[in-house]
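For reference, structure_9.csv is printed below; it contains CSV, C-alpha atoms and all ligand atoms.
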```csv
chain,number,residue,atom,x,y,z
O,10,MET,CA,56.6,87.0,161.0
O,11,LYS,CA,53.4,87.5,159.0
O,12,GLU,CA,52.8,84.8,156.5
O,13,ILE,CA,52.4,86.1,153.0
O,14,LYS,CA,49.2,84.9,151.3
O,15,TYR,CA,49.0,84.6,147.6
O,16,ASN,CA,46.0,84.7,145.3
O,17,CYS,CA,45.2,82.0,142.7
O,18,PHE,CA,46.4,83.5,139.4
O,19,ILE,CA,43.3,82.1,137.6
O,20,CYS,CA,40.3,82.9,139.8
O,21,GLY,CA,41.9,85.4,142.1
O,22,LYS,CA,40.8,83.7,145.4
O,23,GLN,CA,43.3,83.7,148.3
O,24,ILE,CA,45.1,80.5,148.7
O,25,GLU,CA,44.3,79.1,152.1
O,26,SER,CA,44.9,75.7,153.8
O,27,ASP,CA,41.5,74.4,152.5
O,28,ASN,CA,42.1,75.1,148.8
O,29,VAL,CA,45.9,74.8,148.6
O,30,THR,CA,47.5,72.4,146.1
O,31,VAL,CA,51.0,71.6,145.0
O,32,GLU,CA,51.7,72.7,141.4
O,33,HIS,CA,54.6,71.1,139.6
O,34,ILE,CA,56.1,74.0,137.6
O,35,ILE,CA,58.0,71.5,135.5
O,36,LEU,CA,56.1,68.2,135.3
O,37,ASN,CA,57.0,65.4,137.7
O,38,GLY,CA,56.4,63.0,134.8
O,39,ILE,CA,59.6,64.3,133.1
O,40,GLY,CA,61.6,64.6,136.4
O,41,GLY,CA,60.7,68.1,137.3
O,42,LYS,CA,61.5,69.0,140.9
O,43,LEU,CA,60.4,72.7,140.9
O,44,ARG,CA,57.0,73.0,142.6
O,45,SER,CA,54.9,75.6,144.5
O,46,LYS,CA,51.9,75.9,146.7
O,47,ASN,CA,51.5,79.6,145.9
O,48,LEU,CA,50.2,79.6,142.4
O,49,ILE,CA,46.8,78.1,141.9
O,50,CYS,CA,43.9,77.0,144.0
O,51,LYS,CA,42.7,73.4,144.1
O,52,LYS,CA,39.5,74.0,142.2
O,53,CYS,CA,41.2,75.8,139.3
O,54,ASN,CA,43.9,73.2,139.1
O,55,ASN,CA,41.2,70.4,138.8
O,56,GLU,CA,39.3,72.4,136.2
O,57,LEU,CA,42.4,72.8,134.0
O,58,GLY,CA,42.5,69.0,133.7
O,59,SER,CA,45.6,67.0,133.0
O,60,SER,CA,45.3,65.9,129.4
O,61,SER,CA,47.8,68.4,128.2
O,62,ASP,CA,50.3,67.5,130.9
O,63,VAL,CA,49.9,63.8,130.0
O,64,ALA,CA,50.4,64.6,126.3
O,65,LEU,CA,53.7,66.4,127.2
O,66,SER,CA,55.1,63.7,129.5
O,67,GLU,CA,54.1,61.0,127.1
O,68,SER,CA,55.7,62.6,124.1
O,69,LEU,CA,58.9,63.1,126.1
O,70,SER,CA,58.8,59.7,127.7
O,71,PHE,CA,61.4,58.3,125.3
O,72,TYR,CA,64.0,60.6,126.9
O,73,THR,CA,62.6,60.1,130.4
O,74,ASP,CA,63.0,56.3,130.1
O,75,MET,CA,66.3,56.4,128.2
O,76,LEU,CA,67.9,58.7,130.7
O,77,MET,CA,66.4,56.8,133.6
O,78,VAL,CA,65.1,60.1,134.9
O,79,LYS,CA,64.0,60.1,138.6
O,80,LYS,CA,60.4,60.8,139.2
O,81,ASP,CA,58.5,61.1,142.5
O,82,ARG,CA,55.9,58.7,141.2
O,83,ASP,CA,56.8,56.0,138.8
O,84,HIS,CA,54.0,54.1,137.1
O,85,GLY,CA,56.3,51.5,135.5
O,86,HIS,CA,55.9,53.0,132.0
O,87,ASN,CA,57.0,50.7,129.2
O,88,GLN,CA,58.7,52.4,126.4
O,89,VAL,CA,57.6,50.8,123.1
O,90,MET,CA,59.3,51.6,119.9
O,91,THR,CA,59.4,50.1,116.4
O,92,ASP,CA,62.4,48.8,114.6
O,93,GLU,CA,63.1,49.2,110.9
O,94,ASP,CA,60.8,46.2,110.0
O,95,GLY,CA,57.9,47.7,112.1
O,96,HIS,CA,58.2,45.2,114.9
O,97,GLU,CA,57.3,46.6,118.3
O,98,ILE,CA,60.2,46.5,120.7
O,99,ILE,CA,60.0,47.1,124.5
O,100,VAL,CA,63.0,49.2,125.5
O,101,GLU,CA,64.3,48.8,129.0
O,102,GLU,CA,67.3,49.8,131.0
O,103,ALA,CA,68.2,52.9,128.9
O,104,GLY,CA,68.1,51.0,125.7
O,105,ASN,CA,70.4,48.2,126.8
O,106,LYS,CA,67.7,45.7,127.0
O,107,LEU,CA,65.4,45.3,124.0
O,108,LYS,CA,62.6,42.8,124.1
O,109,LEU,CA,60.2,41.9,121.3
O,110,ARG,CA,56.7,42.9,122.3
O,111,ARG,CA,55.0,40.1,120.6
O,112,SER,CA,55.7,37.4,117.9
O,113,TYR,CA,55.4,38.1,114.2
O,114,ILE,CA,54.4,35.4,111.9
O,115,ASP,CA,53.9,36.0,108.1
O,116,LYS,CA,52.8,33.3,105.8
O,117,GLU,CA,53.4,33.8,102.1
O,118,ILE,CA,52.1,31.4,99.4
O,119,ILE,CA,53.9,31.3,96.2
O,120,GLY,CA,52.5,28.7,93.8
O,121,ASP,CA,52.2,25.6,95.8
O,122,GLU,CA,55.0,26.6,98.1
O,123,LYS,CA,54.3,28.1,101.6
O,124,ARG,CA,56.9,30.4,103.1
O,125,TYR,CA,56.9,31.3,106.7
O,126,HIS,CA,58.7,34.3,108.2
O,127,ILE,CA,58.7,33.9,111.9
O,128,VAL,CA,60.1,36.3,114.5
O,129,VAL,CA,59.4,35.1,118.1
O,130,LYS,CA,60.8,36.0,121.5
O,131,ASN,CA,62.5,32.6,122.2
O,132,LYS,CA,62.8,29.0,121.0
O,133,ASP,CA,60.1,27.8,123.3
O,134,GLU,CA,57.6,30.1,121.6
O,135,LEU,CA,58.8,28.8,118.2
O,136,ARG,CA,58.4,25.2,119.3
O,137,LYS,CA,54.8,25.9,120.5
O,138,TYR,CA,53.9,27.6,117.3
O,139,LEU,CA,55.3,24.9,115.1
O,140,ALA,CA,53.7,22.1,117.1
O,141,ARG,CA,50.3,23.8,116.4
O,142,GLN,CA,51.1,23.8,112.7
O,143,VAL,CA,52.0,20.1,112.8
O,144,LYS,CA,48.7,19.3,114.6
O,145,ALA,CA,46.8,21.4,112.0
O,146,GLY,CA,48.5,19.4,109.2
O,147,GLU,CA,50.2,22.5,107.8
O,148,ILE,CA,53.7,21.0,108.2
O,149,THR,CA,55.2,17.6,109.1
O,150,GLN,CA,57.0,16.7,112.3
O,151,GLU,CA,60.2,16.3,110.2
O,152,GLN,CA,59.9,19.8,108.9
O,153,MET,CA,59.4,21.1,112.5
O,154,ASN,CA,62.5,19.3,113.7
O,155,GLU,CA,64.5,20.7,110.8
O,156,VAL,CA,63.4,24.2,111.6
O,157,MET,CA,64.0,23.8,115.3
O,158,SER,CA,67.6,22.6,114.6
O,159,LYS,CA,68.3,25.5,112.3
O,160,ALA,CA,66.6,28.3,114.3
O,161,GLN,CA,68.9,31.0,115.5
O,162,VAL,CA,68.7,33.1,118.6
O,163,THR,CA,70.0,36.6,117.9
O,164,LYS,CA,70.4,39.4,120.3
O,165,GLN,CA,68.0,42.2,119.3
O,166,ARG,CA,70.1,45.0,118.0
O,167,SER,CA,67.6,46.7,115.7
O,168,LYS,CA,67.8,50.3,114.9
O,169,LEU,CA,64.9,52.0,116.6
O,170,ASN,CA,62.8,54.8,115.3
O,171,ILE,CA,62.6,57.7,117.6
O,172,GLN,CA,59.4,59.6,118.1
O,173,THR,CA,60.4,63.3,118.2
O,174,ARG,CA,57.2,65.1,117.9
O,175,VAL,CA,55.6,67.0,120.8
O,176,PRO,CA,51.9,67.2,119.8
O,177,GLU,CA,49.8,70.4,119.9
O,178,GLU,CA,47.7,68.9,122.7
O,179,ALA,CA,50.9,69.4,124.9
O,180,PHE,CA,51.2,73.1,124.2
O,181,PRO,CA,48.9,74.4,127.0
O,182,SER,CA,51.1,72.5,129.4
O,183,ILE,CA,54.2,74.3,128.2
O,184,VAL,CA,52.5,77.7,128.4
O,185,LYS,CA,51.3,76.8,131.9
O,186,SER,CA,54.8,76.0,133.0
O,187,ALA,CA,56.1,79.4,131.7
O,188,VAL,CA,53.2,81.2,133.5
O,189,ASP,CA,53.7,79.2,136.7
O,190,TYR,CA,57.3,80.2,136.8
O,191,TYR,CA,56.6,83.9,136.1
O,192,ILE,CA,54.0,84.0,138.9
O,193,GLU,CA,56.3,82.0,141.3
O,194,CYS,CA,59.1,84.6,140.8
O,195,PHE,CA,57.1,87.8,140.6
O,196,HIS,CA,53.5,87.3,141.7
O,197,ARG,CA,52.3,89.8,139.1
O,198,ASN,CA,49.0,88.1,138.2
O,199,GLU,CA,47.8,91.0,136.2
O,200,ASP,CA,50.6,90.6,133.6
O,201,ILE,CA,49.4,87.1,132.5
O,202,LYS,CA,45.6,87.4,132.8
O,203,HIS,CA,45.3,87.4,129.0
O,204,LEU,CA,47.0,84.0,128.9
O,205,ILE,CA,44.4,82.1,130.9
O,206,PRO,CA,42.2,81.2,127.8
O,207,TYR,CA,45.3,79.5,126.4
O,208,LEU,CA,45.7,77.4,129.5
O,209,LYS,CA,42.0,76.5,129.4
O,210,GLY,CA,42.2,75.4,125.8
O,211,GLU,CA,39.8,78.2,124.7
O,212,LYS,CA,42.5,79.8,122.5
O,213,ASP,CA,45.0,78.2,120.2
O,214,CYS,CA,48.5,78.1,121.8
O,215,LYS,CA,50.1,78.3,118.5
O,216,GLU,CA,49.4,82.1,118.5
O,217,ILE,CA,51.8,82.5,121.4
O,218,LEU,CA,54.1,79.4,121.4
O,219,ASN,CA,56.5,78.1,118.9
O,220,LEU,CA,59.3,75.6,118.6
O,221,VAL,CA,62.7,77.3,118.3
O,222,ILE,CA,65.7,75.6,116.9
O,223,PHE,CA,69.0,77.2,117.6
O,224,ASP,CA,71.9,75.6,115.7
O,225,GLN,CA,73.3,74.9,119.1
O,226,SER,CA,71.3,75.0,122.3
O,227,PRO,CA,71.8,78.4,123.9
O,228,PHE,CA,71.6,76.7,127.3
O,229,THR,CA,73.6,73.5,127.4
O,230,GLU,CA,77.2,74.3,128.4
O,231,ASN,CA,78.2,71.0,129.9
O,232,PRO,CA,78.0,68.0,127.6
O,233,ASN,CA,77.5,65.7,130.7
O,234,GLU,CA,74.3,67.5,131.6
O,235,ILE,CA,70.9,67.2,130.2
O,236,THR,CA,68.6,69.8,131.5
O,237,HIS,CA,65.1,71.2,131.7
O,238,MET,CA,65.2,75.0,131.6
O,239,ILE,CA,62.9,77.9,132.0
O,240,HIS,CA,64.2,81.4,131.0
O,241,LEU,CA,62.2,84.5,131.5
O,242,GLU,CA,63.2,87.7,129.9
O,243,GLY,CA,61.6,91.1,129.3
O,244,SER,CA,62.2,94.7,129.4
O,245,ALA,CA,60.4,98.0,128.6
O,246,LYS,CA,63.1,98.7,126.0
O,247,THR,CA,62.3,95.6,123.9
O,248,GLY,CA,58.7,95.9,124.8
O,249,VAL,CA,58.2,92.2,125.2
O,250,LEU,CA,58.1,89.6,128.0
O,251,TYR,CA,58.8,86.1,126.8
O,252,ALA,CA,59.8,82.7,128.1
O,253,LEU,CA,62.2,80.2,126.6
O,254,MET,CA,61.4,76.6,127.7
O,255,GLU,CA,63.8,73.8,127.0
O,256,TYR,CA,63.1,70.1,127.7
O,257,TYR,CA,65.9,67.5,127.8
O,258,SER,CA,68.3,70.0,126.1
O,259,ILE,CA,66.4,69.3,122.9
O,260,TYR,CA,63.1,70.9,122.6
O,261,THR,CA,63.2,74.7,122.9
O,262,TYR,CA,60.0,76.7,122.8
O,263,VAL,CA,59.5,80.4,122.9
O,264,VAL,CA,56.3,81.5,124.7
O,265,PHE,CA,55.2,85.1,124.0
O,266,LEU,CA,54.0,86.2,127.4
O,267,LYS,CA,53.3,89.8,127.0
O,268,GLU,CA,53.4,92.4,124.2
O,269,ASP,CA,53.8,96.1,125.1
O,270,TYR,CA,55.6,95.1,128.3
O,271,SER,CA,56.6,98.2,130.2
O,272,GLY,CA,57.5,96.7,133.6
O,273,ALA,CA,60.8,96.3,135.4
O,274,ASP,CA,63.6,94.3,133.6
O,275,VAL,CA,63.2,90.5,133.9
O,276,ASN,CA,66.0,88.1,133.4
O,277,ILE,CA,65.8,84.9,135.3
O,278,THR,CA,66.8,81.3,134.5
O,279,TYR,CA,65.9,78.1,136.2
O,280,CYS,CA,67.9,75.1,135.1
O,281,TYR,CA,67.7,71.5,136.4
O,282,ASP,CA,70.1,68.7,135.4
O,283,VAL,CA,68.1,65.5,135.2
O,284,ILE,CA,71.2,63.3,135.0
O,285,ASN,CA,72.9,64.5,138.2
O,286,ASN,CA,69.6,65.6,139.8
O,287,VAL,CA,70.8,69.0,140.7
O,288,GLU,CA,69.8,72.6,140.0
O,289,VAL,CA,72.5,74.3,138.0
O,290,LYS,CA,73.2,78.0,137.7
O,291,ARG,CA,73.0,79.6,134.3
O,292,ASP,CA,73.4,83.1,133.2
O,293,PHE,CA,71.8,83.7,129.9
O,294,SER,CA,70.4,86.6,128.0
O,295,LEU,CA,68.7,86.9,124.6
O,296,PRO,CA,67.1,90.3,124.5
O,297,VAL,CA,64.8,89.7,121.6
O,298,ASP,CA,62.2,92.1,120.4
O,299,ARG,CA,58.7,91.6,119.1
O,300,ALA,CA,59.9,91.3,115.5
O,301,TRP,CA,62.2,88.4,116.4
O,302,ILE,CA,59.3,86.5,118.1
O,303,VAL,CA,56.8,87.2,115.3
O,304,ASN,CA,59.3,86.1,112.8
O,305,TYR,CA,59.6,82.7,114.6
O,306,MET,CA,55.8,82.4,114.7
O,307,LYS,CA,55.3,83.2,111.0
O,308,ASN,CA,58.2,81.2,109.6
O,309,PHE,CA,57.4,78.1,111.5
O,310,GLU,CA,54.7,77.0,109.1
O,311,ASN,CA,57.0,77.5,106.1
O,312,SER,CA,59.9,75.6,107.6
O,313,ARG,CA,58.2,73.0,109.6
O,314,LYS,CA,59.9,70.1,107.9
O,315,GLU,CA,63.4,71.6,108.2
O,316,LEU,CA,62.8,72.3,111.9
O,317,PHE,CA,61.7,68.7,112.6
O,318,ALA,CA,64.7,67.4,110.8
O,319,LYS,CA,67.0,69.6,112.9
O,320,THR,CA,65.2,68.4,116.0
O,321,GLU,CA,65.6,64.9,115.0
O,322,ASN,CA,69.4,65.4,114.5
O,323,ARG,CA,69.7,66.7,118.0
O,324,ALA,CA,67.5,63.9,119.4
O,325,ASN,CA,69.8,61.4,117.8
O,326,LYS,CA,72.8,63.0,119.4
O,327,ILE,CA,71.1,62.9,122.8
O,328,LEU,CA,70.2,59.2,122.2
O,329,GLY,CA,74.0,58.5,121.9
O,330,ILE,CA,74.5,60.1,125.3
O,331,CYS,CA,71.6,58.2,126.7
O,332,GLN,CA,72.9,54.8,125.7
O,333,GLU,CA,76.4,55.7,126.8
O,334,ARG,CA,75.1,56.7,130.2
O,335,GLY,CA,72.9,53.7,130.5
O,336,ARG,CA,75.8,51.4,129.8
O,337,GLU,CA,78.1,53.3,132.2
O,338,LYS,CA,75.5,53.0,134.9
O,339,LEU,CA,75.1,49.2,134.4
O,340,VAL,CA,78.8,48.7,134.4
O,341,SER,CA,79.3,50.6,137.6
O,342,ASP,CA,76.3,48.7,139.2
O,343,ILE,CA,77.9,45.4,138.3
O,344,VAL,CA,81.3,46.4,139.6
O,345,ASN,CA,79.8,47.8,142.8
O,346,LYS,CA,77.8,44.6,143.4
O,347,ALA,CA,80.9,42.5,142.9
O,348,PHE,CA,82.9,44.5,145.4
O,349,ALA,CA,80.1,44.7,147.9
O,350,LYS,CA,80.5,41.0,148.6
O,351,HIS,CA,83.9,41.7,150.2
O,352,PRO,CA,84.4,43.8,153.3
O,353,GLU,CA,85.9,47.2,152.5
O,354,GLY,CA,89.7,47.3,152.9
O,355,CYS,CA,90.0,43.6,153.0
O,356,LEU,CA,93.2,42.0,151.6
O,357,ILE,CA,92.6,40.9,148.0
O,358,THR,CA,93.8,37.3,148.0
O,359,PRO,CA,94.1,35.4,144.7
O,360,THR,CA,90.8,33.7,145.5
O,361,ILE,CA,89.0,37.0,146.1
O,362,TYR,CA,90.6,38.4,142.9
O,363,ASP,CA,89.3,35.4,140.9
O,364,GLN,CA,85.9,35.9,142.4
O,365,LEU,CA,85.8,39.6,141.5
O,366,VAL,CA,86.8,38.9,138.0
O,367,ASN,CA,84.2,36.2,137.6
O,368,ASP,CA,81.5,38.3,139.0
O,369,ILE,CA,82.3,41.4,136.9
O,370,VAL,CA,82.9,39.5,133.6
O,371,GLY,CA,79.8,37.3,134.2
O,372,GLY,CA,77.7,40.4,134.9
O,373,LEU,CA,78.9,42.2,131.8
O,374,GLU,CA,78.7,39.3,129.4
O,375,GLU,CA,75.0,39.8,128.8
O,376,TYR,CA,75.7,43.4,127.6
O,377,LEU,CA,78.7,42.7,125.4
O,378,ILE,CA,77.9,43.1,121.8
O,379,ASP,CA,79.2,40.3,119.6
L,401,ZN,ZN,41.5,79.5,141.5
```

Represent the structure contained in this file as structure tokens.
Amino acid sequence: MKEIKYNCFICGKQIESDNVTVEHIILNGIGGKLRSKNLICKKCNNELGSSSDVALSESLSFYTDMLMVKKDRDHGHNQVMTDEDGHEIIVEEAGNKLKLRRSYIDKEIIGDEKRYHIVVKNKDELRKYLARQVKAGEITQEQMNEVMSKAQVTKQRSKLNIQTRVPEEAFPSIVKSAVDYYIECFHRNEDIKHLIPYLKGEKDCKEILNLVIFDQSPFTENPNEITHMIHLEGSAKTGVLYALMEYYSIYTYVVFLKEDYSGADVNITYCYDVINNVEVKRDFSLPVDRAWIVNYMKNFENSRKELFAKTENRANKILGICQERGREKLVSDIVNKAFAKHPEGCLITPTIYDQLVNDIVGGLEEYLID
């Protein structure tokens, strides 16, 4: 069988073994599994740079971390958020473990009275800080002892602020993803030639890309799924070819791929569930025309605030799912670990039963909210 060779959709050179590169159609940094060696040559891929890809994965990292999304490469990213008082909190284990990033000490002087507001990670840190103050003559040993005896350890349960904005620097990456998928499916490089300047940052992606907020996601059918989605649709009848891109079932973007489209009908959807790590089948159609897309482009500026508020609402809903999922996973991990100590099918004696209960309750204790 003759091997089909493809040409790089940017420079047109044939892709051979010496210039081949793997292109992630959906970024690996957000758990994308769809990739191809038939799209772009190594040289062009390097020239496009990765700053836009980084901007996209960074801005979605909250969901990536909260959902514990699987990536091929994990660089041990630390999700840092702020609480209502502006303290930086490191968020781990899908939001079940929150750690103060650093200590916060405010000194207020009212008349001849000094007031300290101290938020530290643990009692040991507090002791060290106070000891320094005693040494400096700021407070007495007795005052230190009093504070230490009254200090309270509280579990960090602050309400966190969610960053929901995907910055404009990320837009070329979204357009690239749409173009990649179109080329992967149809290999009609000519159709997207005019989009290359957007990928290279020479033209403003806002001309062809916009956030779309449907009251309900047109894609998500199963509440237990959180998906990345690419939908391509076009027909000679509507005269447009466009892509709908959806990330984490929250952010939906329309990318205007081609005006005066007169080719064959296109209706193809790729959908990947990042929770269950499977591709899911979706049938979806939204045969929009040019006016619909232009309307979205134009009205965006006017209703920016409203759109962000709507996105935030959906983001908060997803956050609920994230935390629920994180907790469920932790619970099942603890239970599995407890059972793994005993051979499968063994008789549960009262001693083994007590052991299981101890292990499970002990494991869960840390996560129980008082
Ligand atoms: Zn090339």

Report the distance between CA of Lys185 in chain O and CA of Cys214 in chain O in Å, rounded to one decimal place. 10.6 Å

Please write out the residues within 8 Å of ligand ZN 401 (chain L) as a list in words, counting all atoms listed in the file. Asn16, Cys17, Phe18, Ile19, Cys20, Gly21, Lys22, Ile49, Cys50, Lys51, Lys52, Cys53 and Asn54 of chain O

What's the separation between CA of Glu216 in chain O and CA of Lys46 in chain O, in Å to one decimal place?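 Separating CA of Glu216 in chain O from CA of Lys46 in chain O is a distance of 29.0 Å.
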
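Each of O:Gly210, O:Gly248, O:Gly243, O:Gly41 was checked against Ile277 in chain O using only C-alpha atoms; the smallest atom-to-atom distance is that of O:Gly243.
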
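Interatomic distance, CA of Thr261 in chain O to CA of Trp301 in chain O: 15.2 Å.
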
Contacts of Ser112 in chain O at 12 Å (only C-alpha atoms; same-chain gap of 5+ positions) as a ChimeraX atom specification: /O:96-98,126-135,137-138

Next, write the just-selected residues to a file, as a compact mmCIF listing (two decimals), in the frame of the given file, keeping C-alpha atoms as the atom set.
```
# COMPACT_ATOMS: atom_id res chain seq x y z
CA HIS O 96 58.20 45.20 114.90
CA GLU O 97 57.30 46.60 118.30
CA ILE O 98 60.20 46.50 120.70
CA HIS O 126 58.70 34.30 108.20
CA ILE O 127 58.70 33.90 111.90
CA VAL O 128 60.10 36.30 114.50
CA VAL O 129 59.40 35.10 118.10
CA LYS O 130 60.80 36.00 121.50
CA ASN O 131 62.50 32.60 122.20
CA LYS O 132 62.80 29.00 121.00
CA ASP O 133 60.10 27.80 123.30
CA GLU O 134 57.60 30.10 121.60
CA LEU O 135 58.80 28.80 118.20
CA LYS O 137 54.80 25.90 120.50
CA TYR O 138 53.90 27.60 117.30
```

Counting only C-alpha atoms, which residues sit no farther than 7 Å from the position (54.9, 34.6, 109.4) in the file's frame? I'd like them as a count of residues only. 7

Residues proximal to (69.6, 62.7, 131.9) were defined as those with any atom within 7 Å of that point in the file's coordinates, counting all atoms listed in the file. Which are they, as a ChimeraX atom specification? /O:76-78,234-235,282-284

Nearest to Arg110 in chain O by atom-to-atom distance, counting only C-alpha atoms, from O:Val289, O:Glu199, O:Glu177, O:Gly95: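 The answer is O:Gly95, which sits nearest to Arg110 in chain O.
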
Hey, which of O:Met306, O:Ile217, O:Val297, O:Ile239 ends up closest to Val264 in chain O? Count all atoms listed in the file.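 So, comparing all the options, the nearest one is O:Ile217.
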
Between O:Ser45, O:Tyr207, O:Glu93, O:Lys267, which one has atoms that come closest to Val31 in chain O, using all atoms listed in the file?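 Once distances to Val31 in chain O are computed over all atoms listed in the file, the minimum belongs to O:Ser45.
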
Which one of O:Asp200, O:Glu255, O:Glu193, O:Asp27 sits closest to Leu43 in chain O if you count all atoms listed in the file? O:Glu193

Nearest residue to Arg299 in chain O out of O:Ser244, O:Thr73, O:Asn198, O:Thr30, using all atoms listed in the file?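 Distance minimum relative to Arg299 in chain O lands on O:Ser244.
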
Give me the residues within 10 Å of Asp189 in chain O as number ranges by chain, counting all atoms listed in the file and dropping any in the same chain fewer than 6 places off. O: 18, 32-35, 44-45, 47-49, 183, 196, 201
